[in-house]
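Visitor: So I've got this file, start-v5.csv, and it contains CSV, C-alpha atoms:
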```csv
chain,number,residue,atom,x,y,z
Q,1,MET,CA,0.0,0.0,0.0
Q,2,ALA,CA,1.1,3.5,-0.7
Q,3,ASP,CA,2.8,5.6,2.0
Q,4,PRO,CA,0.7,8.4,3.6
Q,5,MET,CA,0.6,12.0,2.4
Q,6,ARG,CA,1.5,15.0,4.5
Q,7,ILE,CA,-1.2,17.6,4.3
Q,8,ARG,CA,-1.0,21.0,5.9
Q,9,ALA,CA,-3.9,23.5,5.6
Q,10,GLN,CA,-3.6,26.9,7.1
Q,11,ALA,CA,-6.4,29.5,7.1
Q,12,ALA,CA,-5.6,33.3,6.6
Q,13,GLY,CA,-8.7,35.5,6.2
Q,14,ASP,CA,-11.2,33.8,3.9
Q,15,LYS,CA,-8.5,31.8,2.1
Q,16,THR,CA,-6.9,28.6,3.2
Q,17,THR,CA,-3.5,27.5,1.8
Q,18,VAL,CA,-3.2,23.8,1.4
Q,19,ARG,CA,0.2,22.2,1.0
Q,20,VAL,CA,0.4,18.5,0.2
Q,21,LEU,CA,3.4,16.2,-0.1
Q,22,MET,CA,2.7,12.9,-1.8
Q,23,SER,CA,4.8,9.8,-1.6
Q,24,HIS,CA,5.0,8.3,-5.1
Q,25,GLU,CA,7.7,7.0,-7.5
Q,26,MET,CA,6.3,8.9,-10.5
Q,27,GLU,CA,8.1,6.8,-13.1
Q,28,THR,CA,7.8,8.4,-16.5
Q,29,GLY,CA,7.9,5.3,-18.7
Q,30,GLN,CA,10.7,6.8,-20.7
Q,31,ARG,CA,13.6,5.6,-18.6
Q,32,LYS,CA,15.5,2.4,-19.1
Q,33,ASP,CA,17.1,0.2,-16.4
Q,34,SER,CA,20.7,-1.1,-16.4
Q,35,ALA,CA,19.7,-4.0,-18.6
Q,36,GLY,CA,18.3,-1.6,-21.3
Q,37,LYS,CA,14.7,-2.6,-20.6
Q,38,THR,CA,12.1,0.2,-20.4
Q,39,ILE,CA,10.9,0.8,-16.9
Q,40,PRO,CA,7.1,0.8,-17.1
Q,41,ALA,CA,5.3,4.1,-16.5
Q,42,TRP,CA,3.9,4.4,-12.9
Q,43,HIS,CA,2.6,7.8,-12.0
Q,44,ILE,CA,-0.4,9.6,-10.5
Q,45,GLN,CA,-3.1,10.3,-13.0
Q,46,GLU,CA,-5.9,12.0,-11.1
Q,47,VAL,CA,-5.8,14.2,-8.0
Q,48,GLU,CA,-8.9,15.4,-6.3
Q,49,ALA,CA,-9.2,17.9,-3.4
Q,50,LYS,CA,-12.3,18.0,-1.3
Q,51,HIS,CA,-13.4,20.7,1.2
Q,52,ASN,CA,-15.9,19.2,3.8
Q,53,GLY,CA,-16.7,16.5,1.3
Q,54,LYS,CA,-17.3,18.8,-1.6
Q,55,SER,CA,-14.9,18.7,-4.6
Q,56,VAL,CA,-13.0,21.9,-5.0
Q,57,MET,CA,-10.2,20.9,-7.4
Q,58,THR,CA,-9.4,18.1,-9.7
Q,59,ALA,CA,-6.2,17.7,-11.7
Q,60,GLU,CA,-4.9,15.3,-14.3
Q,61,TRP,CA,-1.3,14.5,-13.9
Q,62,GLY,CA,1.3,12.6,-16.0
Q,63,GLY,CA,4.9,11.5,-16.1
Q,64,GLY,CA,6.2,15.0,-16.2
Q,65,VAL,CA,5.5,15.5,-12.5
Q,66,SER,CA,8.4,14.9,-10.1
Q,67,LYS,CA,8.9,12.0,-7.7
Q,68,ASN,CA,7.4,12.7,-4.3
Q,69,PRO,CA,5.3,15.6,-5.7
Q,70,PHE,CA,4.5,18.7,-3.7
Q,71,LEU,CA,1.2,20.5,-4.4
Q,72,GLN,CA,0.0,23.8,-3.1
Q,73,PHE,CA,-3.3,25.6,-3.7
Q,74,THR,CA,-5.7,27.9,-2.0
Q,75,VAL,CA,-9.3,27.2,-1.1
Q,76,LYS,CA,-11.6,30.2,-0.7
Q,77,GLY,CA,-14.0,30.1,2.2
Q,78,ALA,CA,-12.4,27.3,4.1
Q,79,LYS,CA,-12.2,28.0,7.9
Q,80,ALA,CA,-10.3,26.6,10.8
Q,81,GLY,CA,-11.8,23.2,11.8
Q,82,ASP,CA,-12.9,22.4,8.2
Q,83,LYS,CA,-11.7,19.2,6.6
Q,84,ILE,CA,-9.6,19.0,3.5
Q,85,SER,CA,-9.1,15.7,1.9
Q,86,ILE,CA,-6.9,14.7,-1.0
Q,87,THR,CA,-7.2,11.7,-3.2
Q,88,TRP,CA,-4.8,10.5,-5.8
Q,89,LYS,CA,-5.1,7.6,-8.2
Q,90,ASP,CA,-2.3,6.2,-10.3
Q,91,ASN,CA,-2.1,4.4,-13.6
Q,92,LYS,CA,-1.9,1.1,-11.9
Q,93,GLY,CA,-5.2,1.7,-10.2
Q,94,ASP,CA,-3.7,2.3,-6.8
Q,95,THR,CA,-5.3,5.0,-4.8
Q,96,ARG,CA,-4.8,6.8,-1.5
Q,97,THR,CA,-6.8,9.4,0.4
Q,98,ASP,CA,-5.7,11.4,3.4
Q,99,GLU,CA,-7.4,14.1,5.3
Q,100,ALA,CA,-6.3,17.1,7.3
Q,101,THR,CA,-8.1,19.7,9.5
Q,102,VAL,CA,-7.7,23.4,8.6
Q,103,THR,CA,-5.8,25.3,11.3
I,1,MET,CA,27.7,55.3,-40.0
I,2,LYS,CA,30.7,53.4,-38.7
I,3,LYS,CA,31.0,55.8,-35.8
I,4,THR,CA,27.4,55.4,-34.7
I,5,ARG,CA,27.7,51.6,-34.8
I,6,ALA,CA,30.8,51.8,-32.7
I,7,LEU,CA,29.0,54.1,-30.2
I,8,ALA,CA,26.1,51.7,-30.2
I,9,LEU,CA,28.5,48.9,-29.4
I,10,ILE,CA,30.0,50.8,-26.5
I,11,ALA,CA,26.5,51.5,-25.2
I,12,MET,CA,25.6,47.8,-25.4
I,13,ALA,CA,28.8,46.8,-23.7
I,14,GLY,CA,27.9,49.2,-20.9
I,15,LEU,CA,24.4,47.7,-20.6
I,16,LEU,CA,25.9,44.2,-20.5
I,17,GLY,CA,28.3,45.3,-17.8
I,18,THR,CA,25.5,46.5,-15.5
I,19,ALA,CA,23.4,43.4,-16.3
I,20,ALA,CA,26.3,41.2,-15.2
I,21,LEU,CA,26.6,43.1,-11.9
I,22,ALA,CA,22.8,42.9,-11.2
I,23,GLN,CA,22.8,39.2,-12.1
I,24,LYS,CA,22.6,36.7,-9.3
I,25,THR,CA,25.5,34.3,-8.9
I,26,ALA,CA,24.8,30.7,-9.5
I,27,VAL,CA,25.3,30.0,-5.8
I,28,GLN,CA,22.6,32.6,-4.9
I,29,SER,CA,20.2,31.0,-7.5
I,30,ILE,CA,20.8,27.6,-6.0
I,31,GLU,CA,20.2,29.0,-2.5
I,32,GLU,CA,16.9,30.5,-3.7
I,33,TYR,CA,15.9,27.2,-5.3
I,34,ARG,CA,16.6,25.4,-2.1
I,35,ALA,CA,14.6,27.9,0.0
I,36,MET,CA,11.7,27.4,-2.3
I,37,LEU,CA,11.9,23.6,-1.9
I,38,GLN,CA,12.4,23.8,1.9
I,39,ASP,CA,8.7,24.4,2.5
I,40,GLY,CA,7.8,21.1,0.9
I,41,ASN,CA,10.9,19.0,1.8
I,42,PRO,CA,10.0,15.4,0.9
I,43,ALA,CA,12.2,14.4,3.9
I,44,ASP,CA,8.9,14.8,5.8
I,45,LEU,CA,7.6,11.7,4.1
I,46,PHE,CA,10.6,9.7,5.3
I,47,GLU,CA,10.2,11.1,8.8
I,48,ALA,CA,6.6,10.0,8.9
I,49,LYS,CA,7.7,6.5,7.7
I,50,GLY,CA,10.5,6.3,10.2
I,51,GLU,CA,8.3,7.3,13.2
I,52,ASP,CA,5.9,4.6,12.1
I,53,LEU,CA,8.7,2.0,11.8
I,54,TRP,CA,10.0,2.8,15.2
I,55,LYS,CA,6.7,1.9,16.8
I,56,GLN,CA,5.8,-1.0,14.6
I,57,LYS,CA,6.3,-4.6,15.7
I,58,ARG,CA,8.5,-6.2,13.0
I,59,GLY,CA,11.1,-8.8,12.3
I,60,PRO,CA,11.4,-12.4,13.3
I,61,LYS,CA,11.0,-11.5,17.0
I,62,ASN,CA,7.9,-9.3,16.2
I,63,ALA,CA,9.1,-6.4,18.3
I,64,SER,CA,9.3,-2.6,18.0
I,65,LEU,CA,12.4,-0.5,18.3
I,66,GLU,CA,11.0,1.4,21.3
I,67,GLN,CA,13.5,-0.2,23.6
I,68,CYS,CA,16.5,0.7,21.4
I,69,ASP,CA,19.3,2.5,23.2
I,70,LEU,CA,20.8,5.2,21.0
I,71,GLY,CA,23.1,6.5,23.7
I,72,LYS,CA,20.7,8.3,26.1
I,73,GLY,CA,18.9,5.3,27.4
I,74,PRO,CA,16.3,2.9,25.9
I,75,GLY,CA,13.7,4.6,23.8
I,76,VAL,CA,15.2,8.1,24.0
I,77,VAL,CA,15.4,9.7,20.5
I,78,LYS,CA,15.5,13.4,21.3
I,79,GLY,CA,19.1,14.7,21.3
I,80,VAL,CA,20.8,11.4,20.4
I,81,PHE,CA,21.7,12.4,16.9
I,82,VAL,CA,24.0,15.3,18.0
I,83,GLU,CA,26.0,13.0,20.3
I,84,LEU,CA,26.7,10.2,17.7
I,85,PRO,CA,29.0,8.5,16.9
I,86,ARG,CA,29.8,7.4,20.5
I,87,PHE,CA,31.0,4.4,22.4
I,88,PHE,CA,28.5,1.7,23.4
I,89,ALA,CA,29.4,-0.6,26.2
I,90,ASP,CA,27.1,-3.5,25.1
I,91,THR,CA,28.8,-3.8,21.7
I,92,GLN,CA,32.2,-2.5,22.8
I,93,ARG,CA,32.2,-0.4,19.7
I,94,VAL,CA,32.0,3.2,18.6
I,95,GLN,CA,28.8,3.4,16.6
I,96,ASP,CA,27.0,6.0,14.5
I,97,MET,CA,23.3,6.4,13.9
I,98,GLU,CA,23.0,3.8,11.2
I,99,SER,CA,25.2,1.1,12.7
I,100,ARG,CA,23.5,1.5,16.0
I,101,LEU,CA,20.1,1.0,14.4
I,102,LEU,CA,21.4,-2.2,12.8
I,103,THR,CA,22.4,-3.4,16.3
I,104,CYS,CA,18.9,-2.6,17.6
I,105,MET,CA,17.2,-4.3,14.6
I,106,GLU,CA,19.3,-7.4,15.3
I,107,THR,CA,19.0,-7.6,19.1
I,108,LEU,CA,15.4,-6.4,19.4
I,109,GLN,CA,13.8,-7.5,16.2
I,110,GLY,CA,15.9,-10.4,15.1
I,111,PHE,CA,17.0,-9.1,11.7
I,112,SER,CA,20.5,-10.0,10.6
I,113,ALA,CA,22.6,-6.8,10.8
I,114,ALA,CA,25.2,-8.2,8.5
I,115,GLU,CA,22.5,-9.0,5.9
I,116,ILE,CA,21.2,-5.4,6.0
I,117,ALA,CA,24.7,-3.9,5.8
I,118,LYS,CA,25.3,-6.0,2.6
I,119,THR,CA,22.0,-4.8,1.0
I,120,PRO,CA,22.5,-2.1,-1.6
I,121,PHE,CA,21.2,1.3,-0.7
I,122,GLY,CA,17.6,1.9,-1.7
I,123,ARG,CA,16.6,-1.7,-1.4
I,124,GLY,CA,14.6,-3.7,1.2
I,125,GLU,CA,15.6,-3.0,4.9
I,126,GLN,CA,18.1,-0.4,3.8
I,127,ASN,CA,15.1,1.9,3.0
I,128,ASN,CA,13.8,1.3,6.5
I,129,VAL,CA,17.1,2.2,8.1
I,130,THR,CA,17.2,5.4,6.1
I,131,ALA,CA,13.7,6.3,7.2
I,132,LEU,CA,14.4,5.6,10.8
I,133,ALA,CA,17.7,7.6,10.8
I,134,THR,CA,15.8,10.5,9.2
I,135,TRP,CA,13.1,10.5,11.8
I,136,ILE,CA,15.5,10.1,14.8
I,137,SER,CA,17.9,12.8,13.5
I,138,ALA,CA,15.0,15.2,12.9
I,139,GLN,CA,14.2,15.0,16.7
I,140,SER,CA,17.5,16.8,17.3
I,141,LYS,CA,16.8,19.6,14.8
I,142,GLY,CA,18.4,22.9,16.0
I,143,MET,CA,20.4,21.2,18.8
I,144,LYS,CA,24.1,21.7,19.0
I,145,PHE,CA,26.6,18.9,18.3
I,146,ASN,CA,28.3,17.6,21.4
I,147,LEU,CA,30.0,14.3,20.7
I,148,PRO,CA,31.5,12.6,23.7
I,149,GLN,CA,35.2,12.1,23.6
I,150,GLY,CA,35.7,10.8,27.1
I,151,HIS,CA,36.2,7.1,26.3
I,152,GLU,CA,39.5,6.0,24.8
I,153,GLN,CA,37.7,4.3,21.9
I,154,GLU,CA,36.0,7.6,21.0
I,155,ARG,CA,39.3,9.4,20.9
I,156,ILE,CA,40.8,6.6,18.8
I,157,SER,CA,37.8,6.8,16.4
I,158,TYR,CA,38.4,10.5,16.0
I,159,GLU,CA,42.1,10.0,15.3
I,160,VAL,CA,41.5,7.2,12.8
I,161,GLY,CA,38.9,9.4,11.1
I,162,LYS,CA,41.3,12.2,10.8
I,163,ARG,CA,43.9,10.0,9.2
I,164,LEU,CA,41.4,8.5,6.8
I,165,PHE,CA,40.3,12.0,5.9
I,166,PHE,CA,43.8,13.0,4.8
I,167,GLN,CA,44.8,9.6,3.3
I,168,ARG,CA,45.5,10.0,-0.4
I,169,ALA,CA,44.8,6.9,-2.5
I,170,GLY,CA,42.9,5.5,-5.4
I,171,ALA,CA,43.2,6.0,-9.2
I,172,HIS,CA,43.0,9.8,-8.8
I,173,ASP,CA,45.3,10.0,-5.7
I,174,PHE,CA,42.5,11.7,-3.9
I,175,SER,CA,41.8,12.2,-0.2
I,176,CYS,CA,38.7,13.7,1.4
I,177,ALA,CA,40.9,16.7,2.2
I,178,SER,CA,41.6,17.2,-1.6
I,179,CYS,CA,38.1,18.7,-1.9
I,180,HIS,CA,37.1,19.4,1.7
I,181,GLY,CA,40.4,20.7,3.1
I,182,GLN,CA,40.3,24.4,2.1
I,183,ASP,CA,37.8,27.3,1.9
I,184,ASN,CA,35.9,28.3,-1.2
I,185,THR,CA,36.2,25.1,-3.3
I,186,ARG,CA,33.4,23.6,-5.4
I,187,ILE,CA,32.5,20.7,-7.7
I,188,ARG,CA,30.8,22.3,-10.7
I,189,LEU,CA,28.3,24.6,-9.0
I,190,GLN,CA,28.3,22.9,-5.6
I,191,ASP,CA,30.1,24.7,-2.8
I,192,LEU,CA,32.2,22.4,-0.8
I,193,PRO,CA,32.4,22.9,2.9
I,194,ASN,CA,35.8,23.0,4.5
I,195,LEU,CA,35.6,20.0,6.9
I,196,ILE,CA,39.0,20.2,8.6
I,197,LYS,CA,37.5,22.9,10.8
I,198,ASN,CA,34.0,23.7,12.1
I,199,PRO,CA,32.0,24.4,8.9
I,200,GLY,CA,29.2,26.1,10.9
I,201,ASP,CA,25.5,25.6,11.6
I,202,GLY,CA,23.7,23.2,9.3
I,203,VAL,CA,26.7,22.6,7.0
I,204,GLY,CA,28.7,19.4,6.4
I,205,PHE,CA,28.1,16.8,9.1
I,206,ALA,CA,25.1,18.9,10.4
I,207,ALA,CA,23.3,18.6,7.0
I,208,TRP,CA,22.9,14.9,6.6
I,209,PRO,CA,20.5,13.0,6.3
I,210,ALA,CA,19.2,15.1,3.4
I,211,TYR,CA,16.8,14.7,0.5
I,212,ARG,CA,18.4,14.9,-2.9
I,213,VAL,CA,16.0,16.5,-5.3
I,214,SER,CA,17.9,15.5,-8.4
I,215,ASN,CA,17.4,11.8,-7.8
I,216,GLY,CA,14.6,11.8,-5.4
I,217,GLN,CA,16.5,9.9,-2.8
I,218,MET,CA,16.9,10.3,1.0
I,219,TRP,CA,20.6,10.1,1.9
I,220,THR,CA,22.0,9.3,5.3
I,221,MET,CA,25.6,10.1,6.3
I,222,GLN,CA,26.7,6.5,5.4
I,223,LEU,CA,25.3,7.0,1.9
I,224,ARG,CA,26.9,10.4,1.6
I,225,LEU,CA,30.3,8.9,2.5
I,226,ASN,CA,29.7,6.1,0.1
I,227,ASP,CA,29.3,8.6,-2.7
I,228,CYS,CA,32.3,10.6,-1.7
I,229,TYR,CA,34.4,7.4,-1.9
I,230,ARG,CA,32.8,6.7,-5.3
I,231,GLN,CA,33.8,10.1,-6.6
I,232,GLN,CA,37.3,9.5,-5.3
I,233,ARG,CA,37.3,6.2,-7.3
I,234,PHE,CA,38.0,4.4,-4.1
I,235,PRO,CA,36.4,1.2,-2.8
I,236,TYR,CA,33.6,1.8,-0.3
I,237,PRO,CA,34.7,0.6,3.2
I,238,GLY,CA,31.3,-0.9,3.7
I,239,PHE,CA,28.0,0.2,5.4
I,240,GLY,CA,28.5,0.8,9.1
I,241,SER,CA,32.2,-0.1,8.9
I,242,ASP,CA,34.7,1.2,11.5
I,243,ALA,CA,36.2,3.4,8.8
I,244,THR,CA,33.1,5.3,7.9
I,245,ILE,CA,32.1,5.6,11.6
I,246,ALA,CA,35.6,7.0,12.3
I,247,LEU,CA,35.1,9.6,9.6
I,248,GLY,CA,31.8,10.4,11.2
I,249,SER,CA,33.6,10.9,14.6
I,250,TYR,CA,36.1,13.2,13.0
I,251,LEU,CA,33.5,15.3,11.2
I,252,GLY,CA,31.1,15.3,14.2
I,253,VAL,CA,33.8,16.4,16.6
I,254,ASN,CA,34.9,19.1,14.2
I,255,SER,CA,31.3,20.3,14.1
I,256,GLN,CA,31.2,20.7,17.9
I,257,GLY,CA,28.8,23.5,18.9
I,258,SER,CA,27.2,23.9,15.5
I,259,ALA,CA,23.5,23.4,15.2
I,260,SER,CA,22.0,20.5,13.3
I,261,ALA,CA,19.7,21.4,10.4
I,262,VAL,CA,18.7,17.8,9.6
I,263,PRO,CA,16.8,16.8,7.6
I,264,THR,CA,17.9,19.2,4.9
I,265,ILE,CA,17.2,19.4,1.2
I,266,LYS,CA,19.9,19.3,-1.5
I,267,ARG,CA,19.9,20.0,-5.2
```
Go through the file and emit its structure as C-alpha cells.
Guide:
Amino acid sequence: MADPMRIRAQAAGDKTTVRVLMSHEMETGQRKDSAGKTIPAWHIQEVEAKHNGKSVMTAEWGGGVSKNPFLQFTVKGAKAGDKISITWKDNKGDTRTDEATVT
Amino acid sequence: MKKTRALALIAMAGLLGTAALAQKTAVQSIEEYRAMLQDGNPADLFEAKGEDLWKQKRGPKNASLEQCDLGKGPGVVKGVFVELPRFFADTQRVQDMESRLLTCMETLQGFSAAEIAKTPFGRGEQNNVTALATWISAQSKGMKFNLPQGHEQERISYEVGKRLFFQRAGAHDFSCASCHGQDNTRIRLQDLPNLIKNPGDGVGFAAWPAYRVSNGQMWTMQLRLNDCYRQQRFPYPGFGSDATIALGSYLGVNSQGSASAVPTIKR
C-alpha cells in the first residue's frame, strides 16, 4: 500500500493555503534500467481535493510531475476546523486518500 | 555610420556590464531554489515513515524498536543524533546512527545486521534504516553537536577518522581533504564545505540525512560517505564499517557546537 501523504492546511482571512506532499515513484515510462529494458510508467493520473466532502479541485497528472510531488493551492471560504481531503489515483489503479483539518 | 555603430556597441557593452553586476551568482540562485523547496521537503515523508517503523512490531521477533538505546537510554530519541558516533558498552564499539540502528534491529527485532549492511542502498531493509535515521535525527533539529570524547575508543575513532580524511589513494590519488580541506572550493556549482575545521551551523556533518531532489533519494551520512568514496574512485569501506564511523567521529567532533539542520534538502 502507498505511504501516507503529508497535508497542511492553514487559514488566513477567507483563504486557506493547502500544502500537500505525496509519496510516489512517478516513473515516466521513458527511462531504461541497467539491462536496457524500459521501466514501465507508474505515475499519478488523477488528483482530487475536497473541502468538507465537496470537490474543490481536480487535476490530471502525467509522467512530467516529479517524484514525491509537492502540491500547493488555496481554497476560498475554508475556515479553521474544516476538513480538507486529498485523493490520488495512479495508472496502476492504486489510490490513496488522506485528510487534514484546517488550522 | 561606422561611428554610430561603434557608439552603439559601446552603449551595449555598458548595458551588459550592468546586467552582469545585477545578475545573481549561480550560488545565490541555487540557495533561492533550495529555500523554495524547503517548504515542501519530501524528507517529511521519510520522517513519517521512520516514526511509524520505530513503533511498529516487526522482524522475526515481532518487536518494535522502542527499547532501542541510541546513547541516552532505551527509547530516547531526542538529542541522540547530535551525540553520535559514541562508544556503546554493550557492543564494545563506537557506533554512529545507522550502525546502532542495525544493532537494535538485530538484538530487538531479530534481523541480521550483516545481511542489512550488505543490502545495496535503496533496497529492502536499507530503506527502513534510512527512514528511521531520518526521523530520529530530525528529533534533534536545532540542537548543537556535542560528541562525547571521554572514552578512549571515542578518541581513537576521531584520530582514525582524521587520518582517513587525509589519506590519499585510489586511481586519482585523492583524499577527502583534496576537496574538503580548504575554503571556497566547489565541484561544478556545488560549494564544498571545509571540513577540517568547524563548517558552521547546518553545514557538512550537520546537514545529513538530506533529501536529494535530483534523484529523489533520501541520503544518510553513510550513503553520503559512500558517494564521496565513489567520486574518489575508491572502494567503499562498507556500510557501518569502522572506517566510515571513524570519519563520522572526525566530522562530528569538528562540528562541535554547531546546530543540526537535519533533515535538509539538497539539489
Visitor: How close does chain Q get to chain I? List, as a Markdown table, each residue of chain Q within 10 Å, its nearest atom pair and the distance in Å to one decimal, counting all atoms listed in the file.
Guide:
```
| residue | atom | partner | partner_atom | distance |
| --- | --- | --- | --- | --- |
| Q:Asp3 | CA | I:Lys49 | CA | 7.6 |
| Q:Pro4 | CA | I:Leu45 | CA | 7.7 |
| Q:Met5 | CA | I:Leu45 | CA | 7.2 |
| Q:Arg6 | CA | I:Leu45 | CA | 6.9 |
| Q:Arg19 | CA | I:Gly40 | CA | 7.7 |
| Q:Val20 | CA | I:Gly40 | CA | 7.9 |
| Q:Leu21 | CA | I:Gly40 | CA | 6.7 |
| Q:Met22 | CA | I:Leu45 | CA | 7.8 |
| Q:Ser23 | CA | I:Leu45 | CA | 6.6 |
| Q:Glu25 | CA | I:Gly216 | CA | 8.7 |
| Q:Ser66 | CA | I:Gly216 | CA | 8.4 |
| Q:Lys67 | CA | I:Gly216 | CA | 6.1 |
| Q:Asn68 | CA | I:Pro42 | CA | 6.4 |
| Q:Pro69 | CA | I:Pro42 | CA | 8.1 |
| Q:Phe70 | CA | I:Gly40 | CA | 6.1 |
| Q:Leu71 | CA | I:Gly40 | CA | 8.5 |
| Q:Gln72 | CA | I:Gly40 | CA | 9.2 |
```
Visitor: Can you list, as a PyMOL selection string, every protein, DNA or RNA residue that comes within 9 Å of region 16-18 of chain Q when you count all atoms listed in the file, leaving out same-chain residues fewer than 6 positions away?
Guide: chain Q and resi 7-10+71-80+84+102-103
Visitor: What does the structure give for the distance between CA of Ala41 (chain Q) and CA of Arg267 (chain I), in Å to one decimal?
Guide: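 According to the coordinates, CA of Ala41 (chain Q) and CA of Arg267 (chain I) are separated by 24.4 Å.
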Visitor: For a quick check of your reading of the model, name the residues lying within 10 Å of the coordinate (36.5, 26.5, 9.8), counting all atoms listed in the file, and write them as JSON, numbers by chain.
Guide: {"I": [181, 182, 183, 193, 194, 195, 196, 197, 198, 199, 200, 254, 255]}
Visitor: Can you list, as a list of chain:residue names, every protein, DNA or RNA residue that comes within 10 Å of Asn62 (chain I) when you count all atoms listed in the file, leaving out same-chain residues fewer than 4 positions away?
Guide: I:Gln56, I:Lys57, I:Arg58, I:Leu108, I:Gln109, I:Gly110
Visitor: Supply region 32-51 of chain Q as a PDB file, in the coordinates of the input, with N, CA and C atoms built in where the input has gaps.
Guide:
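New file part04.pdb:
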```pdb
ATOM      1  N   LYS Q  32      15.158   3.758 -18.917  1.00  0.00           N
ATOM      2  CA  LYS Q  32      15.500   2.400 -19.100  1.00  0.00           C
ATOM      3  C   LYS Q  32      16.378   1.924 -17.898  1.00  0.00           C
ATOM      4  N   ASP Q  33      16.275   0.664 -17.550  1.00  0.00           N
ATOM      5  CA  ASP Q  33      17.100   0.200 -16.400  1.00  0.00           C
ATOM      6  C   ASP Q  33      18.471  -0.240 -16.929  1.00  0.00           C
ATOM      7  N   SER Q  34      19.292  -0.779 -16.025  1.00  0.00           N
ATOM      8  CA  SER Q  34      20.700  -1.100 -16.400  1.00  0.00           C
ATOM      9  C   SER Q  34      20.775  -2.151 -17.473  1.00  0.00           C
ATOM     10  N   ALA Q  35      19.732  -2.977 -17.622  1.00  0.00           N
ATOM     11  CA  ALA Q  35      19.700  -4.000 -18.600  1.00  0.00           C
ATOM     12  C   ALA Q  35      19.193  -3.492 -19.978  1.00  0.00           C
ATOM     13  N   GLY Q  36      18.802  -2.209 -20.023  1.00  0.00           N
ATOM     14  CA  GLY Q  36      18.300  -1.600 -21.300  1.00  0.00           C
ATOM     15  C   GLY Q  36      16.817  -1.784 -21.474  1.00  0.00           C
ATOM     16  N   LYS Q  37      16.160  -2.376 -20.495  1.00  0.00           N
ATOM     17  CA  LYS Q  37      14.700  -2.600 -20.600  1.00  0.00           C
ATOM     18  C   LYS Q  37      13.972  -1.327 -20.113  1.00  0.00           C
ATOM     19  N   THR Q  38      12.888  -0.976 -20.801  1.00  0.00           N
ATOM     20  CA  THR Q  38      12.100   0.200 -20.400  1.00  0.00           C
ATOM     21  C   THR Q  38      11.458  -0.049 -19.039  1.00  0.00           C
ATOM     22  N   ILE Q  39      11.584   0.939 -18.152  1.00  0.00           N
ATOM     23  CA  ILE Q  39      10.900   0.800 -16.900  1.00  0.00           C
ATOM     24  C   ILE Q  39       9.462   1.309 -17.091  1.00  0.00           C
ATOM     25  N   PRO Q  40       8.483   0.454 -16.800  1.00  0.00           N
ATOM     26  CA  PRO Q  40       7.100   0.800 -17.100  1.00  0.00           C
ATOM     27  C   PRO Q  40       6.642   2.094 -16.384  1.00  0.00           C
ATOM     28  N   ALA Q  41       5.790   2.854 -17.051  1.00  0.00           N
ATOM     29  CA  ALA Q  41       5.300   4.100 -16.500  1.00  0.00           C
ATOM     30  C   ALA Q  41       4.473   3.746 -15.198  1.00  0.00           C
ATOM     31  N   TRP Q  42       4.638   4.590 -14.195  1.00  0.00           N
ATOM     32  CA  TRP Q  42       3.900   4.400 -12.900  1.00  0.00           C
ATOM     33  C   TRP Q  42       3.798   5.772 -12.291  1.00  0.00           C
ATOM     34  N   HIS Q  43       2.710   6.418 -12.536  1.00  0.00           N
ATOM     35  CA  HIS Q  43       2.600   7.800 -12.000  1.00  0.00           C
ATOM     36  C   HIS Q  43       1.117   8.090 -11.646  1.00  0.00           C
ATOM     37  N   ILE Q  44       0.955   9.138 -10.893  1.00  0.00           N
ATOM     38  CA  ILE Q  44      -0.400   9.600 -10.500  1.00  0.00           C
ATOM     39  C   ILE Q  44      -1.089  10.153 -11.725  1.00  0.00           C
ATOM     40  N   GLN Q  45      -2.351   9.789 -11.891  1.00  0.00           N
ATOM     41  CA  GLN Q  45      -3.100  10.300 -13.000  1.00  0.00           C
ATOM     42  C   GLN Q  45      -4.176  11.301 -12.628  1.00  0.00           C
ATOM     43  N   GLU Q  46      -4.789  11.049 -11.474  1.00  0.00           N
ATOM     44  CA  GLU Q  46      -5.900  12.000 -11.100  1.00  0.00           C
ATOM     45  C   GLU Q  46      -5.636  12.399  -9.629  1.00  0.00           C
ATOM     46  N   VAL Q  47      -5.885  13.666  -9.394  1.00  0.00           N
ATOM     47  CA  VAL Q  47      -5.800  14.200  -8.000  1.00  0.00           C
ATOM     48  C   VAL Q  47      -7.134  14.949  -7.792  1.00  0.00           C
ATOM     49  N   GLU Q  48      -7.733  14.711  -6.633  1.00  0.00           N
ATOM     50  CA  GLU Q  48      -8.900  15.400  -6.300  1.00  0.00           C
ATOM     51  C   GLU Q  48      -8.832  15.978  -4.876  1.00  0.00           C
ATOM     52  N   ALA Q  49      -9.189  17.260  -4.719  1.00  0.00           N
ATOM     53  CA  ALA Q  49      -9.200  17.900  -3.400  1.00  0.00           C
ATOM     54  C   ALA Q  49     -10.652  18.146  -3.007  1.00  0.00           C
ATOM     55  N   LYS Q  50     -10.985  17.802  -1.763  1.00  0.00           N
ATOM     56  CA  LYS Q  50     -12.300  18.000  -1.300  1.00  0.00           C
ATOM     57  C   LYS Q  50     -12.299  18.913  -0.029  1.00  0.00           C
ATOM     58  N   HIS Q  51     -13.242  19.833   0.044  1.00  0.00           N
ATOM     59  CA  HIS Q  51     -13.400  20.700   1.200  1.00  0.00           C
ATOM     60  C   HIS Q  51     -14.725  20.288   1.872  1.00  0.00           C
TER      61      HIS Q  51
END
```
